[in-house]
$ cat final34.csv   # CSV, C-alpha atoms
chain,number,residue,atom,x,y,z
A,1,MET,CA,-16.4,53.0,-6.9
A,2,THR,CA,-13.8,50.8,-8.7
A,3,GLU,CA,-14.6,49.4,-12.1
A,4,ALA,CA,-14.1,46.0,-13.6
A,5,VAL,CA,-14.2,44.9,-17.3
A,6,LEU,CA,-16.5,42.0,-18.2
A,7,GLY,CA,-16.9,41.1,-21.9
A,8,GLY,CA,-15.3,44.4,-22.9
A,9,VAL,CA,-17.9,46.5,-20.9
A,10,ALA,CA,-17.0,48.4,-17.8
A,11,VAL,CA,-19.3,47.4,-14.9
A,12,PRO,CA,-19.2,48.2,-11.2
A,13,ALA,CA,-17.1,45.9,-9.1
A,14,VAL,CA,-20.1,45.2,-6.9
A,15,ARG,CA,-22.0,43.8,-9.9
A,16,LYS,CA,-19.0,41.6,-10.8
A,17,ARG,CA,-18.9,40.2,-7.2
A,18,ALA,CA,-22.6,39.5,-7.4
A,19,GLN,CA,-22.2,37.6,-10.7
A,20,ASP,CA,-19.3,35.6,-9.2
A,21,GLY,CA,-21.5,34.8,-6.2
A,22,ALA,CA,-24.2,33.5,-8.5
A,23,VAL,CA,-21.8,31.3,-10.6
A,24,LEU,CA,-19.9,29.7,-7.7
A,25,PRO,CA,-22.8,27.7,-6.3
A,26,VAL,CA,-23.7,26.4,-9.7
A,27,LEU,CA,-20.1,25.3,-10.3
A,28,THR,CA,-19.9,23.7,-6.8
A,29,VAL,CA,-23.1,21.7,-7.4
A,30,LEU,CA,-21.8,20.6,-10.8
A,31,ALA,CA,-18.5,19.5,-9.3
A,32,VAL,CA,-20.3,17.5,-6.6
A,33,LEU,CA,-22.5,15.8,-9.2
A,34,LEU,CA,-19.6,14.9,-11.4
A,35,ALA,CA,-17.7,13.4,-8.4
A,36,VAL,CA,-20.8,11.4,-7.3
A,37,TRP,CA,-21.3,10.2,-10.9
A,38,TYR,CA,-17.7,9.0,-11.3
A,39,ALA,CA,-17.9,7.2,-7.9
A,40,ALA,CA,-21.1,5.6,-8.9
A,41,ALA,CA,-19.6,4.4,-12.2
A,42,VAL,CA,-16.8,2.7,-10.3
A,43,TRP,CA,-19.2,1.1,-7.9
A,44,LEU,CA,-21.6,-0.2,-10.6
A,45,ASN,CA,-19.0,-1.3,-13.1
A,46,ALA,CA,-16.5,-2.8,-10.7
A,47,PRO,CA,-17.9,-6.4,-10.6
A,48,GLN,CA,-17.6,-6.8,-14.4
A,49,VAL,CA,-14.1,-5.2,-14.5
A,50,THR,CA,-13.0,-7.3,-11.6
A,51,GLU,CA,-14.1,-10.5,-13.3
A,52,GLN,CA,-12.3,-9.5,-16.5
A,53,LEU,CA,-9.1,-8.7,-14.6
A,54,ASN,CA,-9.2,-12.0,-12.7
A,55,ARG,CA,-9.6,-13.9,-15.9
A,56,GLY,CA,-6.5,-12.3,-17.3
A,57,GLY,CA,-4.5,-13.8,-14.5
A,58,THR,CA,-2.3,-10.7,-13.9
A,59,ASP,CA,-1.9,-8.7,-10.8
A,60,TRP,CA,-4.0,-5.5,-10.7
A,61,GLY,CA,-4.5,-2.7,-8.2
A,62,VAL,CA,-7.1,-0.1,-7.4
A,63,SER,CA,-5.9,2.3,-10.1
A,64,ARG,CA,-6.3,-0.3,-12.8
A,65,LEU,CA,-9.7,-1.2,-11.5
A,66,VAL,CA,-10.9,2.5,-11.5
A,67,THR,CA,-9.4,3.0,-15.0
A,68,GLY,CA,-11.2,0.0,-16.3
A,69,THR,CA,-14.6,1.0,-14.9
A,70,TRP,CA,-14.3,4.3,-16.7
A,71,ALA,CA,-13.3,2.8,-20.0
A,72,MET,CA,-15.8,-0.1,-20.5
A,73,GLU,CA,-17.4,-0.5,-24.0
A,74,ARG,CA,-20.8,-1.4,-22.5
A,75,PRO,CA,-20.8,-0.2,-18.9
A,76,VAL,CA,-23.7,-0.4,-16.5
A,77,LEU,CA,-23.2,3.3,-15.9
A,78,PRO,CA,-20.9,5.2,-18.3
A,79,ALA,CA,-18.5,7.8,-16.9
A,80,PRO,CA,-19.2,11.4,-17.7
A,81,HIS,CA,-16.3,11.7,-20.2
A,82,GLN,CA,-17.6,8.7,-22.1
A,83,VAL,CA,-21.0,10.4,-22.5
A,84,ALA,CA,-19.4,13.7,-23.5
A,85,VAL,CA,-17.2,12.0,-26.2
A,86,GLU,CA,-20.2,10.1,-27.6
A,87,LEU,CA,-22.3,13.3,-27.5
A,88,TYR,CA,-19.6,15.3,-29.3
A,89,ASP,CA,-19.1,12.6,-31.9
A,90,SER,CA,-22.8,12.2,-32.5
A,91,VAL,CA,-23.4,15.9,-32.9
A,92,PHE,CA,-20.3,17.2,-34.6
A,93,GLY,CA,-18.5,14.1,-35.9
A,94,ARG,CA,-21.2,13.0,-38.3
A,95,PRO,CA,-23.3,14.6,-41.1
A,96,VAL,CA,-26.6,15.9,-39.9
A,97,THR,CA,-28.3,13.7,-42.5
A,98,SER,CA,-26.8,10.5,-41.1
A,99,LYS,CA,-29.0,8.3,-39.0
A,100,ARG,CA,-26.2,8.0,-36.5
A,101,SER,CA,-26.3,11.8,-35.9
A,102,LEU,CA,-28.1,13.0,-32.8
A,103,VAL,CA,-28.9,16.3,-34.7
A,104,TYR,CA,-30.8,14.2,-37.3
A,105,HIS,CA,-32.8,12.4,-34.5
A,106,ALA,CA,-33.3,15.7,-32.6
A,107,GLN,CA,-34.9,17.5,-35.5
A,108,VAL,CA,-37.3,14.6,-36.1
A,109,THR,CA,-38.4,14.7,-32.4
A,110,LEU,CA,-38.5,18.5,-32.5
A,111,SER,CA,-41.0,18.5,-35.4
A,112,ALA,CA,-43.4,16.3,-33.5
A,113,THR,CA,-42.8,18.4,-30.3
A,114,VAL,CA,-43.7,21.6,-32.1
A,115,ALA,CA,-46.7,20.1,-33.8
A,116,GLY,CA,-48.0,18.6,-30.5
A,117,PHE,CA,-47.3,21.9,-28.7
A,118,ALA,CA,-49.4,23.8,-31.3
A,119,LEU,CA,-52.2,21.3,-30.9
A,120,GLY,CA,-52.0,21.5,-27.1
A,121,LEU,CA,-51.9,25.3,-27.2
A,122,ALA,CA,-55.0,25.6,-29.4
A,123,LEU,CA,-56.9,23.0,-27.4
A,124,GLY,CA,-55.9,24.4,-24.0
A,125,VAL,CA,-56.8,28.0,-24.9
A,126,LEU,CA,-60.1,27.0,-26.4
A,127,LEU,CA,-61.0,24.9,-23.4
A,128,ALA,CA,-60.1,27.7,-21.0
A,129,ILE,CA,-62.2,30.2,-22.8
A,130,GLY,CA,-65.2,27.9,-22.8
A,131,ILE,CA,-64.8,27.0,-19.1
A,132,VAL,CA,-64.5,30.7,-18.1
A,133,HIS,CA,-67.5,31.9,-20.2
A,134,VAL,CA,-69.9,28.9,-20.0
A,135,THR,CA,-70.9,27.6,-16.6
A,136,VAL,CA,-72.0,24.2,-17.9
A,137,LEU,CA,-68.5,23.6,-19.4
A,138,ASP,CA,-66.9,24.7,-16.1
A,139,ARG,CA,-68.9,22.1,-14.2
A,140,SER,CA,-68.6,19.4,-16.8
A,141,LEU,CA,-65.2,19.7,-18.5
A,142,MET,CA,-62.9,20.6,-15.7
A,143,PRO,CA,-63.2,17.3,-13.8
A,144,TRP,CA,-62.6,15.4,-17.0
A,145,ILE,CA,-59.6,17.5,-17.9
A,146,ILE,CA,-58.1,16.8,-14.5
A,147,ALA,CA,-59.0,13.1,-14.7
A,148,SER,CA,-57.4,12.8,-18.2
A,149,GLN,CA,-54.0,13.4,-16.7
A,150,THR,CA,-54.3,10.3,-14.4
A,151,ILE,CA,-54.0,8.0,-17.4
A,152,PRO,CA,-50.3,6.9,-17.9
A,153,ILE,CA,-49.1,8.1,-21.2
A,154,LEU,CA,-47.2,4.8,-21.7
A,155,ALA,CA,-50.6,3.1,-21.6
A,156,ILE,CA,-52.5,5.4,-23.9
A,157,ALA,CA,-49.7,6.0,-26.5
A,158,PRO,CA,-49.9,2.5,-28.1
A,159,MET,CA,-53.7,2.8,-28.3
A,160,ILE,CA,-53.5,6.1,-30.1
A,161,VAL,CA,-50.9,4.7,-32.5
A,162,VAL,CA,-52.9,1.6,-33.3
A,163,VAL,CA,-56.2,3.4,-33.8
A,164,LEU,CA,-54.8,6.1,-36.0
A,165,GLY,CA,-52.8,3.5,-37.9
A,166,ASN,CA,-55.9,1.6,-38.7
A,167,LEU,CA,-57.4,4.8,-40.0
A,168,GLY,CA,-54.5,5.4,-42.2
A,169,PHE,CA,-52.8,8.1,-40.2
A,170,THR,CA,-49.1,7.4,-39.5
A,171,GLY,CA,-45.9,9.4,-39.2
A,172,LEU,CA,-46.1,12.8,-37.5
A,173,LEU,CA,-49.8,12.9,-36.6
A,174,PRO,CA,-49.9,10.2,-34.0
A,175,LYS,CA,-46.8,11.6,-32.3
A,176,ALA,CA,-48.2,15.1,-32.4
A,177,ILE,CA,-51.5,14.0,-30.8
A,178,ILE,CA,-49.7,12.1,-28.0
A,179,SER,CA,-47.5,15.2,-27.5
A,180,GLY,CA,-50.5,17.5,-27.5
A,181,TYR,CA,-52.3,15.3,-25.0
A,182,LEU,CA,-49.6,15.9,-22.4
A,183,SER,CA,-49.1,19.6,-23.2
A,184,PHE,CA,-52.7,20.9,-23.2
A,185,PHE,CA,-53.3,20.4,-19.5
A,186,PRO,CA,-51.0,23.0,-18.0
A,187,ILE,CA,-52.1,25.5,-20.7
A,188,ALA,CA,-55.8,25.0,-20.0
A,189,ILE,CA,-55.3,25.3,-16.2
A,190,GLY,CA,-53.0,28.3,-16.5
A,191,MET,CA,-55.4,30.1,-18.9
A,192,VAL,CA,-58.4,29.4,-16.7
A,193,LYS,CA,-56.6,31.0,-13.8
A,194,GLY,CA,-55.4,33.9,-16.0
A,195,LEU,CA,-58.8,34.6,-17.6
A,196,ARG,CA,-60.3,34.7,-14.1
A,197,SER,CA,-57.5,36.9,-12.6
A,198,PRO,CA,-59.0,40.4,-13.3
A,199,ASP,CA,-60.3,42.1,-10.2
A,200,PRO,CA,-64.1,42.2,-9.7
A,201,LEU,CA,-63.9,46.0,-9.7
A,202,GLN,CA,-62.3,45.9,-13.1
A,203,LEU,CA,-65.1,43.7,-14.4
A,204,ASP,CA,-67.7,46.0,-12.9
A,205,LEU,CA,-66.0,48.9,-14.6
A,206,MET,CA,-66.3,47.1,-18.0
A,207,ARG,CA,-70.0,46.5,-17.3
A,208,THR,CA,-70.4,50.2,-16.5
A,209,TYR,CA,-68.9,51.0,-19.9
A,210,SER,CA,-71.5,48.6,-21.4
A,211,ALA,CA,-68.7,46.4,-22.8
A,212,THR,CA,-69.8,43.2,-24.4
A,213,ASP,CA,-68.3,39.8,-23.4
A,214,ALA,CA,-66.0,39.9,-26.4
A,215,GLN,CA,-64.8,43.4,-25.6
A,216,THR,CA,-64.2,42.4,-21.9
A,217,PHE,CA,-62.3,39.4,-23.1
A,218,ALA,CA,-60.1,41.3,-25.6
A,219,LYS,CA,-59.5,44.4,-23.4
A,220,LEU,CA,-59.3,42.9,-19.9
A,221,ARG,CA,-59.3,39.1,-19.6
A,222,TRP,CA,-56.8,38.2,-22.4
A,223,PRO,CA,-54.1,40.8,-21.4
A,224,SER,CA,-54.5,39.8,-17.8
A,225,SER,CA,-53.9,36.1,-18.7
A,226,MET,CA,-50.5,36.6,-20.3
A,227,SER,CA,-48.7,36.5,-17.0
A,228,PHE,CA,-50.2,33.1,-16.4
A,229,LEU,CA,-50.0,31.8,-20.0
A,230,PHE,CA,-46.2,31.9,-20.5
A,231,PRO,CA,-45.2,30.0,-17.4
A,232,SER,CA,-47.8,27.4,-18.5
A,233,LEU,CA,-46.2,27.3,-21.9
A,234,LYS,CA,-42.8,26.6,-20.5
A,235,VAL,CA,-44.1,23.6,-18.7
A,236,ALA,CA,-46.2,22.6,-21.7
A,237,ILE,CA,-43.3,22.7,-24.2
A,238,ALA,CA,-41.2,20.4,-21.9
A,239,LEU,CA,-44.1,18.0,-21.6
A,240,SER,CA,-44.6,18.1,-25.3
A,241,LEU,CA,-41.1,17.0,-25.8
A,242,VAL,CA,-41.6,14.1,-23.4
A,243,GLY,CA,-44.8,13.1,-25.2
A,244,ALA,CA,-42.9,13.2,-28.6
A,245,ILE,CA,-40.2,10.9,-27.3
A,246,VAL,CA,-42.7,8.5,-25.6
A,247,ALA,CA,-44.7,8.4,-28.9
A,248,GLU,CA,-41.7,7.2,-30.8
A,249,LEU,CA,-41.4,4.1,-28.6
A,250,PRO,CA,-44.5,2.1,-29.6
A,251,THR,CA,-44.4,3.3,-33.3
A,252,GLY,CA,-41.2,1.4,-34.1
A,253,ALA,CA,-39.9,4.6,-35.5
A,254,GLN,CA,-36.5,4.5,-37.2
A,255,ALA,CA,-35.7,8.2,-36.4
A,256,GLY,CA,-36.1,10.4,-33.4
A,257,LEU,CA,-34.6,10.5,-29.9
A,258,GLY,CA,-37.1,8.0,-28.7
A,259,ALA,CA,-36.0,5.6,-31.4
A,260,ARG,CA,-32.4,6.2,-30.5
A,261,LEU,CA,-33.1,5.4,-26.9
A,262,LEU,CA,-34.9,2.2,-27.9
A,263,ALA,CA,-32.1,1.1,-30.2
A,264,GLY,CA,-29.6,1.7,-27.5
A,265,SER,CA,-31.7,-0.4,-25.1
A,266,TYR,CA,-32.0,-3.3,-27.5
A,267,TYR,CA,-28.2,-3.5,-28.1
A,268,GLY,CA,-27.1,-2.6,-24.6
A,269,GLN,CA,-25.4,0.6,-25.8
A,270,THR,CA,-25.7,2.5,-22.5
A,271,ILE,CA,-23.4,5.2,-23.6
A,272,GLN,CA,-25.6,5.9,-26.6
A,273,ILE,CA,-28.7,6.0,-24.3
A,274,TRP,CA,-27.1,8.5,-22.0
A,275,ALA,CA,-26.0,10.7,-24.9
A,276,ALA,CA,-29.5,10.7,-26.3
A,277,LEU,CA,-30.9,11.6,-22.8
A,278,PHE,CA,-28.5,14.6,-22.6
A,279,MET,CA,-29.5,15.6,-26.1
A,280,SER,CA,-33.2,15.5,-25.0
A,281,ALA,CA,-32.3,17.7,-22.0
A,282,PHE,CA,-30.5,20.2,-24.2
A,283,LEU,CA,-33.4,20.3,-26.6
A,284,ALA,CA,-35.8,20.9,-23.7
A,285,VAL,CA,-33.7,23.8,-22.4
A,286,ALA,CA,-33.6,25.3,-25.9
A,287,ALA,CA,-37.4,25.0,-26.3
A,288,VAL,CA,-38.1,26.5,-22.9
A,289,GLY,CA,-35.6,29.3,-23.7
A,290,ALA,CA,-37.5,30.0,-27.0
A,291,VAL,CA,-40.7,30.4,-25.1
A,292,GLY,CA,-38.9,32.7,-22.7
A,293,LEU,CA,-37.7,34.8,-25.6
A,294,ALA,CA,-41.2,35.0,-27.0
A,295,GLU,CA,-42.4,36.2,-23.6
A,296,ARG,CA,-39.7,38.9,-23.5
A,297,GLY,CA,-40.6,40.1,-27.0
A,298,LEU,CA,-44.3,40.3,-26.1
A,299,THR,CA,-43.5,42.1,-22.9
A,300,ARG,CA,-41.6,44.7,-24.9
A,301,LEU,CA,-44.4,45.1,-27.4
A,302,ARG,CA,-46.9,45.7,-24.6
A,303,GLY,CA,-44.6,48.3,-23.1
A,304,GLY,CA,-43.9,46.3,-19.9
A,305,ARG,CA,-40.7,45.9,-18.0
A,306,LEU,CA,-38.5,42.8,-18.2

$ encode --input "final34.csv" --output "structure tokens"
Amino acid sequence: MTEAVLGGVAVPAVRKRAQDGAVLPVLTVLAVLLAVWYAAAVWLNAPQVTEQLNRGGTDWGVSRLVTGTWAMERPVLPAPHQVAVELYDSVFGRPVTSKRSLVYHAQVTLSATVAGFALGLALGVLLAIGIVHVTVLDRSLMPWIIASQTIPILAIAPMIVVVLGNLGFTGLLPKAIISGYLSFFPIAIGMVKGLRSPDPLQLDLMRTYSATDAQTFAKLRWPSSMSFLFPSLKVAIALSLVGAIVAELPTGAQAGLGARLLAGSYYGQTIQIWAALFMSAFLAVAAVGAVGLAERGLTRLRGGRL
């Protein structure tokens, strides 16, 4: 079989063709999205550019119109290259301590995300353990847990901020609680499913060995729940980030991606808004990736296969 060199490592040509086959669809979809985005920018920005060109009193054609729609200072929909330039300047072109740096705002939002995720993890796991082992909690808590997610976070966030503010708690804690409110639900549901996943024969075997509930939990239920926990954590960390951003909106925060979005909305800086949105997406990808790395590490420690 012929060999190909990828990254300095010889691999079979079949593997190379498989990798190329996986990359090509992604690049195709990306190219289509960019084309649609550029076309939408022309369509949405054209009325303003047309009005400006007519005021100038000079002749203009389609090429000038298209160029103008992709170079507006405050467009309705910025072109992809405008967002890319703003994102690059905000990340690499300014000191990380500057309030105009997206890195500065991202680390503020990330701190609330991690704190809220920790709260959601602790609450979700504790609720799941109680639901699985206590029948009364199963019948009483589970409906309320599900009902809690029907309340819009945009409605409850200002209430939490006001109540905690009157009690003297400001800053990170209100944002962490709002973030934890969104993230605990998938963890609780996933852990309930995971803790109940062992086969009845396995549970009967533990009873045959006279294992206590604590031993059954440690030796059987908890290990069995890991395959359910980490997918739930990936969903939860993304929801935690959403909660942290939403929590920054009613607090009037001066820092954070939510504050950046709000400031861009106030001053009509749509390019700034889109750059902050992409930074939020990159942050979510990094957070989910970190959970995935933790899952891989735990799998290795347990002797499992990746």

$ residues_around --input "final34.csv" --residues "Ala41 of chain A" --least-positions-apart "5" --cutoff "9 Å" --atoms "only C-alpha atoms" --output "list in words"
Val36, Ala46, Val66, Thr69, Trp70, Pro75, Val76, Leu77, Pro78, Ala79 and Pro80 of chain A

$ residues_near_point --input "final34.csv" --point "(-47.1, 29.3, -22.2)" --cutoff "10 Å" --atoms "all atoms listed in the file" --output "list in words"
Phe117, Leu121, Ser183, Pro186, Ile187, Ala188, Gly190, Met191, Met226, Ser227, Phe228, Leu229, Phe230, Pro231, Ser232, Leu233, Lys234, Val235, Ala236, Ile237, Val288, Val291, Gly292, Ala294 and Glu295 of chain A

$ closest_residue --input "final34.csv" --among "A:Val83, A:Val108, A:Lys193, A:Val136" --to "Val96 of chain A" --atoms "only C-alpha atoms"
A:Val108

$ residues_around --input "final34.csv" --residues "Pro223 of chain A" --least-positions-apart "6" --cutoff "9 Å" --atoms "only C-alpha atoms" --output "list of chain:residue names"
A:Gly194, A:Leu195, A:Phe217

$ closest_residue --input "final34.csv" --among "A:Leu201, A:Arg94, A:Ile189, A:Thr216" --to "Met142 of chain A" --atoms "only C-alpha atoms"
A:Ile189

$ closest_residue --input "final34.csv" --among "A:Gln272, A:Thr113, A:Thr67, A:Thr212" --to "Leu173 of chain A" --atoms "all atoms listed in the file"
A:Thr113

$ closest_residue --input "final34.csv" --among "A:Asn54, A:Gln202, A:Ala238, A:Gly256" --to "Gly289 of chain A" --atoms "only C-alpha atoms"
A:Ala238

$ atom_distance --input "final34.csv" --atom1 "atom CA of Gln82 of chain A" --atom2 "atom CA of Trp274 of chain A"
9.5 Å

$ closest_residue --input "final34.csv" --among "A:Leu301, A:Leu239, A:Ile151, A:Leu220" --to "Leu182 of chain A" --atoms "all atoms listed in the file"
A:Leu239

$ residues_around --input "final34.csv" --residues "Thr50 of chain A" --least-positions-apart "2" --cutoff "12 Å" --atoms "all atoms listed in the file" --output "list in words"
Val42, Trp43, Leu44, Asn45, Ala46, Pro47, Gln48, Gln52, Leu53, Asn54, Arg55, Gly56, Gly57, Thr58, Asp59, Trp60, Gly61, Val62, Arg64, Leu65, Val66, Thr67, Gly68, Thr69 and Met72 of chain A

$ closest_residue --input "final34.csv" --among "A:Ile156, A:Ile271, A:Ala35, A:Val26" --to "Ala71 of chain A" --atoms "all atoms listed in the file"
A:Ile271

$ residues_around --input "final34.csv" --residues "Gln254 of chain A" --least-positions-apart "5" --cutoff "12 Å" --atoms "all atoms listed in the file" --output "list in words"
Lys99, Arg100, Tyr104, His105, Val108, Thr109, Gly171, Glu248, Leu249, Ala259, Arg260, Leu261, Leu262 and Ala263 of chain A

$ closest_atom_pairs --input "final34.csv" --of "segment 20-110 of chain A" --to "segment 276-281 of chain A" --cutoff "10 Å" --atoms "all atoms listed in the file" --output "Markdown table"
| residue | atom | partner | partner_atom | distance |
| --- | --- | --- | --- | --- |
| A:Val83 | CA | A:Phe278 | CA | 8.6 |
| A:Ala84 | CA | A:Phe278 | CA | 9.2 |
| A:Glu86 | CA | A:Ala276 | CA | 9.4 |
| A:Leu87 | CA | A:Met279 | CA | 7.7 |
| A:Ser90 | CA | A:Ala276 | CA | 9.3 |
| A:Val91 | CA | A:Met279 | CA | 9.1 |
| A:Leu102 | CA | A:Ala276 | CA | 7.0 |
| A:Val103 | CA | A:Met279 | CA | 8.6 |
| A:His105 | CA | A:Ala276 | CA | 9.0 |
| A:Ala106 | CA | A:Met279 | CA | 7.5 |
| A:Thr109 | CA | A:Ser280 | CA | 9.1 |
| A:Leu110 | CA | A:Ser280 | CA | 9.7 |

$ atom_distance --input "final34.csv" --atom1 "atom CA of Pro152 of chain A" --atom2 "atom CA of Phe185 of chain A"
13.9 Å

$ atom_distance --input "final34.csv" --atom1 "atom CA of Leu241 of chain A" --atom2 "atom CA of Gly264 of chain A"
19.2 Å
